[in-house]
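Enquirer: Please find coords-v2.txt (compact mmCIF, C-alpha atoms) on the next line:
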```
# COMPACT_ATOMS: atom_id res chain seq x y z
CA MET Y 1 -23.22 9.84 19.40
CA TRP Y 2 -20.20 8.46 17.60
CA THR Y 3 -16.65 9.53 16.98
CA LEU Y 4 -15.19 10.16 13.56
CA ALA Y 5 -11.66 11.50 13.24
CA ASP Y 6 -11.65 12.59 16.91
CA GLN Y 7 -14.88 14.56 16.50
CA THR Y 8 -18.23 13.61 17.98
CA PHE Y 9 -21.32 13.46 15.79
CA LYS Y 10 -24.96 12.51 16.18
CA SER Y 11 -25.70 11.77 12.53
CA ARG Y 12 -24.12 8.88 10.65
CA LEU Y 13 -25.08 10.35 7.30
CA LEU Y 14 -22.57 12.26 5.18
CA LEU Y 15 -24.36 14.11 2.41
CA GLY Y 16 -23.15 15.23 -1.01
CA THR Y 17 -24.17 18.66 -2.27
CA ALA Y 18 -24.37 18.04 -6.04
CA ARG Y 19 -27.28 17.74 -8.45
CA TYR Y 20 -29.98 19.42 -6.33
CA PRO Y 21 -32.55 21.42 -8.29
CA SER Y 22 -31.66 24.60 -6.35
CA PRO Y 23 -29.55 25.78 -3.42
CA GLN Y 24 -32.75 26.19 -1.39
CA VAL Y 25 -33.63 22.53 -1.92
CA LEU Y 26 -30.10 21.57 -0.91
CA GLN Y 27 -30.46 23.55 2.31
CA GLU Y 28 -33.80 21.89 3.00
CA ALA Y 29 -32.30 18.43 2.38
CA ILE Y 30 -29.35 19.11 4.69
CA GLN Y 31 -31.71 20.16 7.43
CA ALA Y 32 -34.11 17.24 6.98
CA SER Y 33 -31.30 14.68 6.82
CA GLY Y 34 -29.80 15.78 10.13
CA THR Y 35 -26.35 15.49 8.56
CA GLU Y 36 -23.44 17.27 10.18
CA ILE Y 37 -20.94 16.67 7.36
CA VAL Y 38 -21.33 17.57 3.69
CA THR Y 39 -18.97 17.06 0.77
CA VAL Y 40 -17.95 19.79 -1.65
CA SER Y 41 -15.61 19.90 -4.62
CA LEU Y 42 -13.30 22.50 -6.13
CA ARG Y 43 -13.71 23.79 -9.65
CA ARG Y 44 -12.32 26.51 -11.85
CA GLU Y 45 -13.98 29.80 -10.99
CA SER Y 46 -14.82 32.57 -13.39
CA ALA Y 47 -14.41 35.97 -11.74
CA GLN Y 48 -17.49 37.27 -13.52
CA GLU Y 49 -19.89 34.42 -12.75
CA ASN Y 50 -18.72 33.98 -9.17
CA SER Y 51 -20.99 30.94 -8.90
CA GLY Y 52 -18.71 29.07 -6.49
CA ASN Y 53 -18.97 31.89 -4.02
CA ARG Y 54 -22.74 32.03 -4.19
CA PHE Y 55 -22.87 28.28 -3.58
CA TRP Y 56 -20.50 28.70 -0.64
CA ASP Y 57 -22.62 31.47 0.87
CA TYR Y 58 -25.64 29.16 0.84
CA LEU Y 59 -23.70 26.25 2.31
CA ARG Y 60 -22.17 28.30 5.10
CA GLN Y 61 -25.62 29.15 6.42
CA THR Y 62 -26.24 25.48 7.20
CA ASN Y 63 -23.42 25.33 9.76
CA VAL Y 64 -22.28 21.85 8.82
CA ARG Y 65 -18.75 20.55 8.68
CA ILE Y 66 -17.14 20.55 5.23
CA LEU Y 67 -15.49 17.49 3.73
CA PRO Y 68 -13.82 18.65 0.52
CA ASN Y 69 -13.23 16.05 -2.16
CA THR Y 70 -10.70 15.51 -4.93
CA ALA Y 71 -13.39 14.49 -7.44
CA GLY Y 72 -12.22 14.64 -11.03
CA CYS Y 73 -8.62 13.76 -10.19
CA SER Y 74 -7.04 10.84 -11.96
CA SER Y 75 -3.47 11.02 -10.71
CA VAL Y 76 -1.63 11.23 -7.41
CA LYS Y 77 -0.26 14.64 -8.34
CA GLU Y 78 -3.68 16.14 -9.13
CA ALA Y 79 -5.19 14.72 -5.95
CA ILE Y 80 -2.37 16.11 -3.78
CA VAL Y 81 -2.58 19.63 -5.27
CA THR Y 82 -6.38 19.60 -4.94
CA ALA Y 83 -6.09 18.49 -1.30
CA HIS Y 84 -3.65 21.32 -0.60
CA MET Y 85 -5.97 23.85 -2.24
CA ALA Y 86 -8.96 22.50 -0.31
CA ARG Y 87 -7.05 22.80 2.95
CA ASP Y 88 -6.12 26.37 2.15
CA LEU Y 89 -9.66 27.29 1.14
CA PHE Y 90 -11.73 25.55 3.82
CA GLN Y 91 -9.15 25.55 6.61
CA THR Y 92 -9.62 21.83 7.19
CA HIS Y 93 -7.23 18.89 7.13
CA TRP Y 94 -10.10 16.58 6.14
CA ILE Y 95 -10.06 15.36 2.56
CA LYS Y 96 -12.24 12.87 0.71
CA LEU Y 97 -9.69 11.26 -1.57
CA GLU Y 98 -10.97 10.23 -4.98
CA VAL Y 99 -8.54 9.13 -7.66
CA ILE Y 100 -10.57 7.79 -10.54
CA GLY Y 101 -9.06 4.95 -12.58
CA ASN Y 102 -11.77 4.48 -15.19
CA ASP Y 103 -13.90 7.29 -16.58
CA ASP Y 104 -16.66 4.95 -17.66
CA THR Y 105 -17.25 3.07 -14.40
CA LEU Y 106 -15.83 5.84 -12.16
CA GLN Y 107 -13.96 3.08 -10.42
CA PRO Y 108 -11.22 4.32 -8.09
CA ASP Y 109 -7.61 3.63 -9.08
CA PRO Y 110 -6.48 1.57 -6.08
CA PHE Y 111 -2.75 1.97 -6.72
CA GLN Y 112 -2.80 5.74 -7.02
CA THR Y 113 -5.35 6.07 -4.22
CA VAL Y 114 -3.05 4.22 -1.81
CA GLU Y 115 -0.04 6.27 -2.89
CA ALA Y 116 -1.89 9.58 -2.58
CA ALA Y 117 -3.29 8.49 0.81
CA ARG Y 118 0.24 7.70 2.01
CA ILE Y 119 1.52 11.16 1.09
CA LEU Y 120 -1.51 13.00 2.49
CA CYS Y 121 -1.51 11.03 5.77
CA ASP Y 122 2.20 11.82 6.16
CA GLU Y 123 1.38 15.49 5.66
CA GLY Y 124 -1.17 15.37 8.48
CA PHE Y 125 -4.39 15.12 6.47
CA GLU Y 126 -7.33 13.09 7.74
CA VAL Y 127 -7.91 11.05 4.61
CA PHE Y 128 -11.37 9.69 3.73
CA PRO Y 129 -10.45 7.40 0.82
CA TYR Y 130 -13.07 6.37 -1.72
CA THR Y 131 -12.27 2.79 -2.68
CA THR Y 132 -13.91 -0.42 -3.87
CA ASP Y 133 -14.95 -3.29 -1.59
CA ASP Y 134 -11.54 -4.97 -2.08
CA LEU Y 135 -10.23 -5.96 1.36
CA VAL Y 136 -6.55 -5.89 0.42
CA VAL Y 137 -6.80 -2.32 -0.87
CA ALA Y 138 -8.61 -1.33 2.34
CA GLU Y 139 -5.83 -2.93 4.41
CA ARG Y 140 -3.19 -1.06 2.40
CA LEU Y 141 -5.03 2.19 3.02
CA VAL Y 142 -5.01 1.46 6.75
CA ASN Y 143 -1.31 0.56 6.58
CA VAL Y 144 -0.44 3.95 5.11
CA GLY Y 145 -2.28 5.77 7.88
CA CYS Y 146 -6.00 5.98 7.03
CA ARG Y 147 -8.31 5.75 10.05
CA ILE Y 148 -11.33 5.82 7.77
CA VAL Y 149 -12.08 3.69 4.71
CA MET Y 150 -14.98 4.36 2.35
CA PRO Y 151 -15.78 1.39 0.10
CA TRP Y 152 -18.40 1.73 -2.60
CA GLY Y 153 -21.67 -0.19 -2.42
CA SER Y 154 -21.88 0.00 -6.22
CA PRO Y 155 -20.72 2.54 -8.83
CA ILE Y 156 -21.15 6.27 -8.14
CA GLY Y 157 -24.62 7.54 -8.93
CA SER Y 158 -25.89 4.09 -9.97
CA GLY Y 159 -28.29 3.62 -7.07
CA GLN Y 160 -27.78 -0.15 -7.16
CA GLY Y 161 -27.21 -0.45 -3.43
CA LEU Y 162 -24.78 -2.92 -1.84
CA ARG Y 163 -23.77 -5.29 -4.63
CA ASN Y 164 -21.24 -7.33 -2.69
CA ILE Y 165 -22.54 -7.86 0.81
CA ASP Y 166 -20.03 -10.63 1.57
CA ALA Y 167 -17.06 -8.41 0.76
CA LEU Y 168 -18.44 -5.56 2.88
CA ARG Y 169 -19.17 -7.93 5.77
CA LYS Y 170 -15.66 -9.33 5.55
CA MET Y 171 -14.18 -5.83 5.54
CA ARG Y 172 -16.14 -4.99 8.69
CA GLU Y 173 -14.89 -8.16 10.39
CA ARG Y 174 -11.27 -7.62 9.41
CA LEU Y 175 -11.06 -3.91 10.18
CA PRO Y 176 -12.98 -3.66 13.45
CA HIS Y 177 -11.32 -0.44 14.64
CA ILE Y 178 -11.49 1.50 11.39
CA ALA Y 179 -14.37 3.86 10.66
CA LEU Y 180 -16.07 2.26 7.65
CA ILE Y 181 -18.43 4.35 5.56
CA VAL Y 182 -20.26 3.08 2.50
CA ASP Y 183 -19.66 5.72 -0.14
CA ALA Y 184 -21.42 5.54 -3.49
CA GLY Y 185 -24.16 3.40 -4.93
CA ILE Y 186 -26.81 3.93 -2.24
CA GLY Y 187 -30.11 4.34 -4.08
CA ARG Y 188 -32.79 4.05 -1.44
CA PRO Y 189 -33.17 4.22 2.32
CA SER Y 190 -33.26 0.41 2.71
CA HIS Y 191 -29.75 0.25 1.19
CA ALA Y 192 -28.53 2.60 3.90
CA THR Y 193 -30.26 0.54 6.59
CA GLN Y 194 -28.52 -2.55 5.25
CA ALA Y 195 -25.10 -0.87 5.47
CA LEU Y 196 -25.69 0.15 9.07
CA GLU Y 197 -27.04 -3.31 9.96
CA LEU Y 198 -23.76 -4.75 8.67
CA GLY Y 199 -21.98 -2.65 11.27
CA PHE Y 200 -20.80 0.11 8.97
CA ASP Y 201 -20.26 3.33 10.87
CA GLY Y 202 -22.00 5.55 8.36
CA VAL Y 203 -22.99 6.16 4.77
CA LEU Y 204 -22.11 8.90 2.32
CA LEU Y 205 -24.70 9.55 -0.36
CA ASN Y 206 -25.76 12.27 -2.73
CA THR Y 207 -27.72 11.34 -5.85
CA ALA Y 208 -30.39 9.29 -4.04
CA VAL Y 209 -31.51 12.42 -2.23
CA ALA Y 210 -30.70 15.04 -4.87
CA VAL Y 211 -32.66 13.45 -7.73
CA ALA Y 212 -35.61 12.24 -5.64
CA ARG Y 213 -38.89 13.84 -6.65
CA HIS Y 214 -38.91 15.52 -3.21
CA PRO Y 215 -35.33 15.74 -1.88
CA GLY Y 216 -36.27 17.12 1.55
CA PRO Y 217 -38.63 14.29 2.50
CA MET Y 218 -36.21 11.75 0.98
CA ALA Y 219 -33.42 13.16 3.18
CA ALA Y 220 -35.71 12.68 6.19
CA ALA Y 221 -36.39 9.09 5.09
CA PHE Y 222 -32.66 8.42 4.94
CA ARG Y 223 -32.21 9.86 8.42
CA LEU Y 224 -34.76 7.40 9.80
CA ALA Y 225 -33.37 4.49 7.78
CA ILE Y 226 -29.88 5.09 9.12
CA GLU Y 227 -31.14 5.36 12.68
CA ALA Y 228 -33.05 2.11 12.20
CA GLY Y 229 -30.04 0.27 10.78
CA ARG Y 230 -27.73 1.41 13.54
CA GLY Y 231 -30.35 0.67 16.19
CA ALA Y 232 -30.75 -2.85 14.85
CA TYR Y 233 -26.99 -3.40 14.77
CA GLU Y 234 -26.61 -2.28 18.36
CA ALA Y 235 -29.61 -4.30 19.52
CA GLY Y 236 -28.17 -7.52 18.03
CA MET Y 237 -30.18 -9.13 15.26
CA MET Y 238 -31.43 -12.72 15.27
CA GLN Y 239 -29.78 -15.26 13.00
CA ALA Y 240 -31.76 -16.39 9.97
CA SER Y 241 -32.80 -20.04 9.99
CA SER Y 242 -33.83 -22.41 7.22
CA ARG Y 243 -36.64 -23.82 9.38
CA ALA Y 244 -39.84 -22.33 10.67
CA HIS Y 245 -40.18 -21.80 14.40
CA ALA Y 246 -43.60 -21.06 15.89
CA SER Y 247 -43.58 -17.68 17.58
CA SER Y 248 -46.57 -18.42 19.81
CA PRO Y 249 -46.10 -20.93 22.63
CA THR Y 250 -47.19 -24.48 21.75
CA VAL Y 251 -48.17 -25.40 25.30
CA GLY Y 252 -51.89 -25.08 26.07
CA ILE Y 253 -53.17 -24.70 22.51
CA PRO Y 254 -57.01 -24.74 22.77
CA PHE Y 255 -59.74 -26.77 20.99
CA TRP Y 256 -58.05 -28.88 18.37
CA HIS Y 257 -55.37 -30.34 20.58
CA GLN Y 258 -57.57 -31.50 23.43
CA GLU Y 259 -56.15 -34.79 24.68
CA SER Y 260 -59.43 -36.08 26.12
CA LEU Y 261 -62.86 -34.61 26.74
CA LEU Y 262 -64.07 -37.50 28.81
CA MET M 1 3.90 38.72 -19.60
CA ARG M 2 1.97 35.81 -21.00
CA ILE M 3 0.40 33.40 -18.52
CA GLN M 4 -2.23 30.70 -18.47
CA VAL M 5 -5.22 31.13 -16.15
CA ASN M 6 -7.55 28.17 -15.72
CA GLY M 7 -6.33 26.74 -19.01
CA ARG M 8 -6.69 29.95 -21.05
CA GLU M 9 -3.80 31.97 -22.44
CA LEU M 10 -3.74 35.50 -21.09
CA GLN M 11 -1.64 38.56 -21.84
CA VAL M 12 -1.01 40.71 -18.77
CA ASP M 13 0.47 44.20 -19.16
CA GLN M 14 2.71 44.01 -16.12
CA GLU M 15 6.00 42.13 -16.35
CA SER M 16 5.58 40.74 -12.88
CA LEU M 17 2.67 40.65 -10.45
CA THR M 18 2.02 39.24 -7.01
CA ILE M 19 -0.85 36.72 -6.75
CA HIS M 20 -2.75 39.40 -4.85
CA GLY M 21 -2.14 41.79 -7.73
CA LEU M 22 -3.21 39.21 -10.30
CA LEU M 23 -6.43 38.38 -8.44
CA GLU M 24 -7.16 42.11 -8.28
CA GLU M 25 -6.41 42.55 -11.99
CA LEU M 26 -8.69 39.64 -12.94
CA GLY M 27 -11.53 40.65 -10.61
CA TYR M 28 -11.18 37.80 -8.10
CA LEU M 29 -10.14 39.83 -5.11
CA ASN M 30 -13.37 39.47 -3.17
CA ASN M 31 -13.92 35.88 -4.26
CA PHE M 32 -13.42 32.85 -2.03
CA VAL M 33 -10.77 31.03 -4.06
CA ALA M 34 -7.63 28.91 -3.78
CA VAL M 35 -4.67 29.36 -6.10
CA ALA M 36 -2.07 27.00 -7.53
CA ILE M 37 0.86 28.06 -9.68
CA ASN M 38 2.41 25.43 -11.94
CA GLU M 39 0.54 22.65 -10.13
CA THR M 40 1.66 23.76 -6.67
CA CYS M 41 -0.77 25.28 -4.19
CA VAL M 42 0.20 28.72 -2.90
CA PRO M 43 -1.25 29.39 0.58
CA ARG M 44 -3.24 32.61 0.86
CA HIS M 45 -0.79 34.17 3.32
CA ASP M 46 1.77 34.14 0.50
CA TYR M 47 -0.43 36.02 -2.00
CA THR M 48 1.26 39.35 -1.39
CA ALA M 49 4.78 37.90 -1.55
CA TYR M 50 4.57 35.30 -4.34
CA ARG M 51 5.21 36.74 -7.78
CA VAL M 52 3.65 35.32 -10.91
CA SER M 53 6.11 35.10 -13.79
CA ASP M 54 5.95 34.79 -17.56
CA ARG M 55 4.66 31.38 -18.75
CA ASP M 56 3.25 30.43 -15.35
CA ARG M 57 0.18 28.24 -15.27
CA VAL M 58 -2.32 29.60 -12.76
CA GLU M 59 -5.29 27.66 -11.40
CA ILE M 60 -7.99 29.56 -9.53
CA LEU M 61 -10.51 27.26 -7.87
CA ALA M 62 -13.65 27.88 -5.84
CA PRO M 63 -16.08 25.68 -3.88
CA MET M 64 -18.56 23.83 -6.03
CA ALA M 65 -21.31 21.32 -5.32
CA GLY M 66 -19.85 17.83 -5.07
CA GLY M 67 -20.53 14.32 -3.85
```
Would you kindly transcribe this structure into structure tokens?

Expert:
Amino acid sequence: MWTLADQTFKSRLLLGTARYPSPQVLQEAIQASGTEIVTVSLRRESAQENSGNRFWDYLRQTNVRILPNTAGCSSVKEAIVTAHMARDLFQTHWIKLEVIGNDDTLQPDPFQTVEAARILCDEGFEVFPYTTDDLVVAERLVNVGCRIVMPWGSPIGSGQGLRNIDALRKMRERLPHIALIVDAGIGRPSHATQALELGFDGVLLNTAVAVARHPGPMAAAFRLAIEAGRGAYEAGMMQASSRAHASSPTVGIPFWHQESLL
Amino acid sequence: MRIQVNGRELQVDQESLTIHGLLEELGYLNNFVAVAINETCVPRHDYTAYRVSDRDRVEILAPMAGG
């Protein structure tokens, strides 16, 4: 069990809901992953198609907590309006804040992210800011009221894993009381294990499960990987050494180390 | 009046409509949506009071899959 934004959860996996082959596969993945929090976005709805509502009907059946995002926003103003609309729609003060600064790399705009986070925290939102692994930006986010910081491992949807381990490790050391969640770039279960071994509180991922050949079993693999990483972190891992150390005791080695047979 | 709904120009017969009335007119009444007028969110409890006026820009958003 762990606490995130004053709520208690068993799972340390936050799962995105995009790019699944069908709503049924999404439901299966949610169940297999054990996640208790899923992200959703807001998009223009056509009254005739009503696709957003059908998606919502499927999602509601899974009984998970909703973390709406501001994906697609590239200014403070857009992010704030989207957050307000998400709060009105989902009746939650949780918001995953994304303010994109570069459409090619999908890199967050740190300046506008911090400014939007300041306004939303002041308004009483629980802000989950998507940011890079830059420590100073993370500290600014904390200064404006964020209790959670979500640095990327690598660019969104790239599946490259944790590209800057040192920066992530440093962020963990410097922000010991902040909930740190690796958001974006996780491509395989071992990447998630690595994040948890570093002491990160959780991971948020989407594409790695959604585009797997079998999303349900992949979601289950991520559940185990995250449990393993957290278990290892809590158990305290050994330090790596440049020298070999025999694991078996050296005292009493038979046959070839006999001192004297006479 | 002439308004913009989700980026598209729209001619509405009435001179003034509440948001509730507009959602009904456009077929959204039973849909799970959030509404913003001129880039400001209007909470659902204001739908029957808030009146849409000529030249307003209306955004109607619904939940969608997202990461």

Enquirer: Near chain M, meaning an atom within 7 Å, which residues of chain Y appear when counting only C-alpha atoms? Write them as a PyMOL selection string.

Expert: chain Y and resi 16-18+39-45+47+52-53+55-56+81+84-85+88-89+206

Enquirer: Which one is closest to Ala192 of chain Y: Y:Gly236, Y:Pro254, Y:Pro68, Y:Gly229? Count all atoms listed in the file.

Expert: Y:Gly229

Enquirer: Using only C-alpha atoms, determine which residues lie at most 10 Å from Ala79 of chain Y, disregarding the query and same-chain residues fewer than 4 positions distant; provide the list as a VMD selection string.

Expert: chain Y and resid 69 to 75 83 to 85 95 to 100 112 to 113 116 to 117 120

Enquirer: For the residues selected in the previous step, produce a file with C-alpha atoms as a PDB file, in the frame of the given file.

Expert:
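The resulting file, selection36.pdb, is reproduced below:
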```pdb
ATOM      1  CA  ASN Y  69     -13.230  16.050  -2.160  1.00  0.00           C
ATOM      2  CA  THR Y  70     -10.700  15.510  -4.930  1.00  0.00           C
ATOM      3  CA  ALA Y  71     -13.390  14.490  -7.440  1.00  0.00           C
ATOM      4  CA  GLY Y  72     -12.220  14.640 -11.030  1.00  0.00           C
ATOM      5  CA  CYS Y  73      -8.620  13.760 -10.190  1.00  0.00           C
ATOM      6  CA  SER Y  74      -7.040  10.840 -11.960  1.00  0.00           C
ATOM      7  CA  SER Y  75      -3.470  11.020 -10.710  1.00  0.00           C
ATOM      8  CA  ALA Y  83      -6.090  18.490  -1.300  1.00  0.00           C
ATOM      9  CA  HIS Y  84      -3.650  21.320  -0.600  1.00  0.00           C
ATOM     10  CA  MET Y  85      -5.970  23.850  -2.240  1.00  0.00           C
ATOM     11  CA  ILE Y  95     -10.060  15.360   2.560  1.00  0.00           C
ATOM     12  CA  LYS Y  96     -12.240  12.870   0.710  1.00  0.00           C
ATOM     13  CA  LEU Y  97      -9.690  11.260  -1.570  1.00  0.00           C
ATOM     14  CA  GLU Y  98     -10.970  10.230  -4.980  1.00  0.00           C
ATOM     15  CA  VAL Y  99      -8.540   9.130  -7.660  1.00  0.00           C
ATOM     16  CA  ILE Y 100     -10.570   7.790 -10.540  1.00  0.00           C
ATOM     17  CA  GLN Y 112      -2.800   5.740  -7.020  1.00  0.00           C
ATOM     18  CA  THR Y 113      -5.350   6.070  -4.220  1.00  0.00           C
ATOM     19  CA  ALA Y 116      -1.890   9.580  -2.580  1.00  0.00           C
ATOM     20  CA  ALA Y 117      -3.290   8.490   0.810  1.00  0.00           C
ATOM     21  CA  LEU Y 120      -1.510  13.000   2.490  1.00  0.00           C
TER      22      LEU Y 120
END
```

Enquirer: Could you work out how far atom CA of Gln14 of chain M lies from atom CA of Asp56 of chain M, giving the answer in Å with one decimal?

Expert: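 Separating atom CA of Asp56 of chain M from atom CA of Gln14 of chain M is a distance of 13.6 Å.
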
Enquirer: Would you work out the distance separating atom CA of Arg65 of chain Y from atom CA of Asp201 of chain Y, expressed in Å to one decimal?

Expert: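 Interatomic distance here is 17.4 Å.
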
Enquirer: For atom CA of Arg174 of chain Y and atom CA of Phe200 of chain Y, determine how far apart the two atoms are, in Å to one decimal place.

Expert: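 Computing the Euclidean distance for atom CA of Arg174 of chain Y and atom CA of Phe200 of chain Y yields 12.3 Å.
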
Enquirer: Here's a test: counting only C-alpha atoms, identify every protein, DNA and RNA residue with an atom at most 7 Å from (4.6, 38.5, -5.1) in the file's coordinate frame, and state them as an NGL selection string.

Expert: :M and (17-19 or 47-52)

Enquirer: For Asn38 of chain M, which of M:Gly21, M:Val58, M:Ser53, M:Leu10 is the closest residue, counting all atoms listed in the file?

Expert: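 Going through M:Gly21, M:Val58, M:Ser53, M:Leu10 one by one, the smallest distance to Asn38 of chain M is for M:Val58.
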
Enquirer: Within 9 Å of Gln31 of chain Y, counting all atoms listed in the file, which residues qualify if same-chain residues fewer than 2 places away don't, as a CSV table (one decimal) with C-alpha atoms, in the coordinates of the input?

Expert:
```
chain,number,residue,atom,x,y,z
Y,26,LEU,CA,-30.1,21.6,-0.9
Y,27,GLN,CA,-30.5,23.6,2.3
Y,28,GLU,CA,-33.8,21.9,3.0
Y,29,ALA,CA,-32.3,18.4,2.4
Y,33,SER,CA,-31.3,14.7,6.8
Y,34,GLY,CA,-29.8,15.8,10.1
Y,35,THR,CA,-26.4,15.5,8.6
Y,62,THR,CA,-26.2,25.5,7.2
Y,216,GLY,CA,-36.3,17.1,1.6
Y,219,ALA,CA,-33.4,13.2,3.2
Y,220,ALA,CA,-35.7,12.7,6.2
```

Enquirer: Excluding Ser158 of chain Y and any residue of its chain fewer than 2 positions from it, enumerate the residues within 10 Å of it, using only C-alpha atoms, and give them as number ranges by chain.

Expert: Y: 105, 153-156, 160-161, 184-187, 207-208

Enquirer: Counting all atoms listed in the file, which of Y:Leu141, Y:Met237, Y:Val38, Y:Ala195 gets nearest to Arg60 of chain Y?

Expert: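 Of all the options, Y:Val38 lies closest to Arg60 of chain Y.
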
Enquirer: Dump as a ChimeraX atom specification all residues having an atom at most 8 Å from (4.5, 31.5, -20.2), computed in the file's coordinates with all atoms listed in the file.

Expert: /M:1-4,53-57
